[in-house]
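All remarks here apply to the structure that follows.
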Amino acid sequence: MSLSLGPVLFNWPAAQWRDFYARIADEAPVDCVYVGEVVCSKRQPFFADSLPDVIERLERGGKTVILSSLALPTLERELKYCASLADATQMVEANDVSMIPHLVGRPHTIGPLISVYNEAAVRFLIGGGAKRIALPPELPMTSITAIAAAAKEAGADIEVWAFGRIPLAISARCYHARLHGRTKDSCQFVCEDDPDGLRVDTLDNEKFLAINGVQTLSHTYCNLISETKALGDAGVSTLRLSPHTCDMVAVSRIFRDVLDGVCEPSHGMQRLQATTPDAAFSNGFVHGVDGATLVVG
């Protein structure tokens, strides 16, 4: 089973973003790295000049690079940018159905923000050229197993979200800007103040969600390190790790050690908790229960 590193979903300073990928290129035992802006097109100019160098550095480090598209393109410039990705040398990940027509007939991947819930959808997408489908994080193991079987029969791979805050929704409105009394067009990029998302509590002061500009995420970090064997048995070929400000090189090494049998999943869980001491873990979706639940044993 291979490991992938998803695109950075948060608004990190350009230097931090660039240095992060440089370290991933040199040190992280991941096979594939997704790069590109998914959440908000206003962030793109900050790292656009560095993107070619980052791609070159990652490829020189032996990583397969896939370009991720926007999740909710609405403006004309956003639609044109997504269309332009079809001419890229690297494979492209579609994160919105509007991206798919531009990719039909050429190898591409389907991102986890596109709702692929059954075997018929898998066969349709593979027929258009999809070589890998990253499933939505909310699917239970029964659905993953059925979809993976259909994908294998049709000649494509299945990827599952295995670490990081879970993307739940995306909107045309910017929650970060509104919270600070600003409009979306005059946000002053306040989301940069929350590099792992801004925690949202309920009226009863229970930790609930996280916001990331126009995106809503789970408060908990999905952590499927205890389910790696079951996912492999189900036919999953790749596990996706979503970047956070914790030591993602260490996170990827822990997952790699468990996959390689170097350490037991229980020990891997302990190591992950030590690496991300402020994170609350969950794995409920894959077990068919509330997503925020951590099922043990």
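Labels for the structure tokens follow display order: chains A, B, ..., residues from 1 in each chain, ligands from 1.
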* **Neighbour list for Ala234 of chain A as a PyMOL selection string, cut-off 8 Å, only C-alpha atoms, skip fewer than 4 positions in-chain** => chain A and resi 141+144-145+148-149+230
Saved selection, atoms kept: N, CA and C atoms, as a short mmCIF file (atom, residue, chain, number, x, y, z; two decimals), in the first residue's frame:
```cif
data_model
loop_
_atom_site.label_atom_id
_atom_site.label_comp_id
_atom_site.auth_asym_id
_atom_site.auth_seq_id
_atom_site.Cartn_x
_atom_site.Cartn_y
_atom_site.Cartn_z
N MET A 141 -16.69 1.09 5.77
CA MET A 141 -15.86 0.05 5.18
C MET A 141 -16.62 -0.80 4.16
N ILE A 144 -16.54 1.11 0.95
CA ILE A 144 -15.17 1.13 0.44
C ILE A 144 -14.83 -0.20 -0.24
N THR A 145 -15.20 -1.30 0.40
CA THR A 145 -14.90 -2.63 -0.14
C THR A 145 -15.60 -2.84 -1.49
N ALA A 148 -14.02 -0.47 -4.13
CA ALA A 148 -12.66 -0.90 -4.49
C ALA A 148 -12.69 -2.10 -5.41
N ALA A 149 -13.62 -3.02 -5.20
CA ALA A 149 -13.73 -4.19 -6.07
C ALA A 149 -14.10 -3.77 -7.49
N ALA A 230 -7.18 -3.64 7.48
CA ALA A 230 -8.54 -3.84 6.98
C ALA A 230 -8.74 -3.09 5.66
#
```
* Pick out the residues sitting within 9 Å of segment 115-126 of chain A, and hand them over as a PyMOL selection string; count only C-alpha atoms, and ignore anything fewer than 2 positions along from it in its own chain. => chain A and resi 100+104+110-113+128-136+139+143-144+146-151+154-156
* **Spatial neighbours of Tyr81 of chain A, 12 Å, only C-alpha atoms, chain gap at least 3 places, as a PyMOL selection string** => chain A and resi 36-38+41+44+68-70+73-78+84-88+98-99+102
How would the residues just picked look written out with C-alpha atoms as a compact mmCIF listing (two decimals), in the first residue's frame?
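Dumped everything to out34.txt:
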```txt
# COMPACT_ATOMS: atom_id res chain seq x y z
CA GLY A 36 -2.20 23.31 -5.77
CA GLU A 37 -4.93 25.46 -4.27
CA VAL A 38 -8.19 23.66 -3.54
CA SER A 41 -8.39 30.99 -5.52
CA GLN A 44 -3.00 31.18 -5.48
CA SER A 68 -5.12 19.55 -7.51
CA SER A 69 -7.92 21.69 -8.89
CA LEU A 70 -10.25 24.06 -7.06
CA PRO A 73 -14.84 27.36 -9.06
CA THR A 74 -17.47 30.05 -9.63
CA LEU A 75 -15.71 33.06 -11.17
CA GLU A 76 -14.71 33.22 -14.81
CA ARG A 77 -11.02 33.42 -13.92
CA GLU A 78 -11.38 30.34 -11.70
CA SER A 84 -5.80 25.43 -18.16
CA LEU A 85 -4.78 22.59 -15.84
CA ALA A 86 -5.78 20.12 -18.55
CA ASP A 87 -2.65 21.18 -20.47
CA ALA A 88 -0.30 20.47 -17.57
CA SER A 98 -16.88 20.96 -13.69
CA MET A 99 -13.23 19.90 -14.03
CA HIS A 102 -11.54 19.01 -19.39
```
* Could you tell me, as a PyMOL selection string, which residues of segment 146-201 of chain A DSSP assigns to strand (DSSP E or B) when given the backbone? => chain A and resi 157-170+198-201
* DSSP alpha helix (DSSP H) residues within segment 93-185 of chain A, listed as a ChimeraX atom specification -> /A:100-103,119-127,141-154,175-179
Selected residues written out, C-alpha atoms, as a compact mmCIF listing (two decimals), in the first residue's frame:
```
# COMPACT_ATOMS: atom_id res chain seq x y z
CA ILE A 100 -14.00 16.43 -15.37
CA PRO A 101 -14.97 17.41 -18.96
CA HIS A 102 -11.54 19.01 -19.39
CA LEU A 103 -9.84 15.74 -18.40
CA GLU A 119 -19.80 1.25 -8.24
CA ALA A 120 -21.68 2.80 -11.16
CA ALA A 121 -20.06 6.18 -10.52
CA VAL A 122 -16.66 4.50 -10.36
CA ARG A 123 -17.13 2.74 -13.69
CA PHE A 124 -18.34 5.96 -15.32
CA LEU A 125 -15.34 7.95 -14.10
CA ILE A 126 -12.84 5.26 -15.02
CA GLY A 127 -14.39 5.14 -18.48
CA MET A 141 -15.86 0.05 5.18
CA THR A 142 -18.68 -1.84 3.45
CA SER A 143 -18.94 0.84 0.76
CA ILE A 144 -15.17 1.13 0.44
CA THR A 145 -14.90 -2.63 -0.14
CA ALA A 146 -17.62 -2.68 -2.81
CA ILE A 147 -16.26 0.37 -4.63
CA ALA A 148 -12.66 -0.90 -4.49
CA ALA A 149 -13.73 -4.19 -6.07
CA ALA A 150 -15.42 -2.33 -8.94
CA ALA A 151 -12.38 -0.10 -9.41
CA LYS A 152 -10.00 -3.06 -9.50
CA GLU A 153 -12.14 -4.78 -12.10
CA ALA A 154 -12.10 -1.62 -14.22
CA TYR A 175 -16.72 32.24 7.35
CA HIS A 176 -13.32 33.55 8.41
CA ALA A 177 -13.99 36.97 6.90
CA ARG A 178 -17.49 37.22 8.36
CA LEU A 179 -16.28 36.30 11.83
```
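Contact shell of segment 180-193 of chain A at 10 Å (only C-alpha atoms; same-chain neighbours under 2 positions omitted): Phe10, Asn11, Trp12, Pro13, Lys42, Arg43, Ala172, Arg173, Cys174, Tyr175, His176, Ala177, Arg178, Pro195, Asp196, Gly197, Leu198, Ile211, Asn212, Gly213 and Val214 of chain A.
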* **All residues 8 Å or closer to Ser2 of chain A, only C-alpha atoms, same chain fewer than 6 positions away omitted, as a ChimeraX atom specification** => /A:30-31,237-239
Since we have the selection now, will you write its residues out, keeping N, CA and C atoms, as a PDB file, in the first residue's frame?
```
ATOM      1  N   VAL A  30       6.602   9.220   1.313  1.00  0.00           N
ATOM      2  CA  VAL A  30       5.343   9.189   0.580  1.00  0.00           C
ATOM      3  C   VAL A  30       5.650   8.997  -0.902  1.00  0.00           C
ATOM      4  N   ASP A  31       4.729   8.375  -1.597  1.00  0.00           N
ATOM      5  CA  ASP A  31       4.957   8.056  -3.008  1.00  0.00           C
ATOM      6  C   ASP A  31       4.429   9.132  -3.942  1.00  0.00           C
ATOM      7  N   SER A 237      -5.560   0.890  -2.273  1.00  0.00           N
ATOM      8  CA  SER A 237      -4.153   0.858  -2.680  1.00  0.00           C
ATOM      9  C   SER A 237      -3.333   2.018  -2.133  1.00  0.00           C
ATOM     10  N   THR A 238      -4.015   3.116  -1.733  1.00  0.00           N
ATOM     11  CA  THR A 238      -3.294   4.311  -1.282  1.00  0.00           C
ATOM     12  C   THR A 238      -4.002   4.939  -0.095  1.00  0.00           C
ATOM     13  N   LEU A 239      -3.222   5.398   0.868  1.00  0.00           N
ATOM     14  CA  LEU A 239      -3.743   6.150   2.006  1.00  0.00           C
ATOM     15  C   LEU A 239      -3.291   7.597   1.880  1.00  0.00           C
TER      16      LEU A 239
END
```
* Asked: What's the 9 Å shell around Met269 of chain A, counting only C-alpha atoms, without same-chain residues fewer than 4 positions away, as a count of residues only?
  -> 8
* Computed interatomic separation between atom CA of Phe163 of chain A and atom CA of Pro52 of chain A (Å) ->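 So the answer is 26.6 Å.
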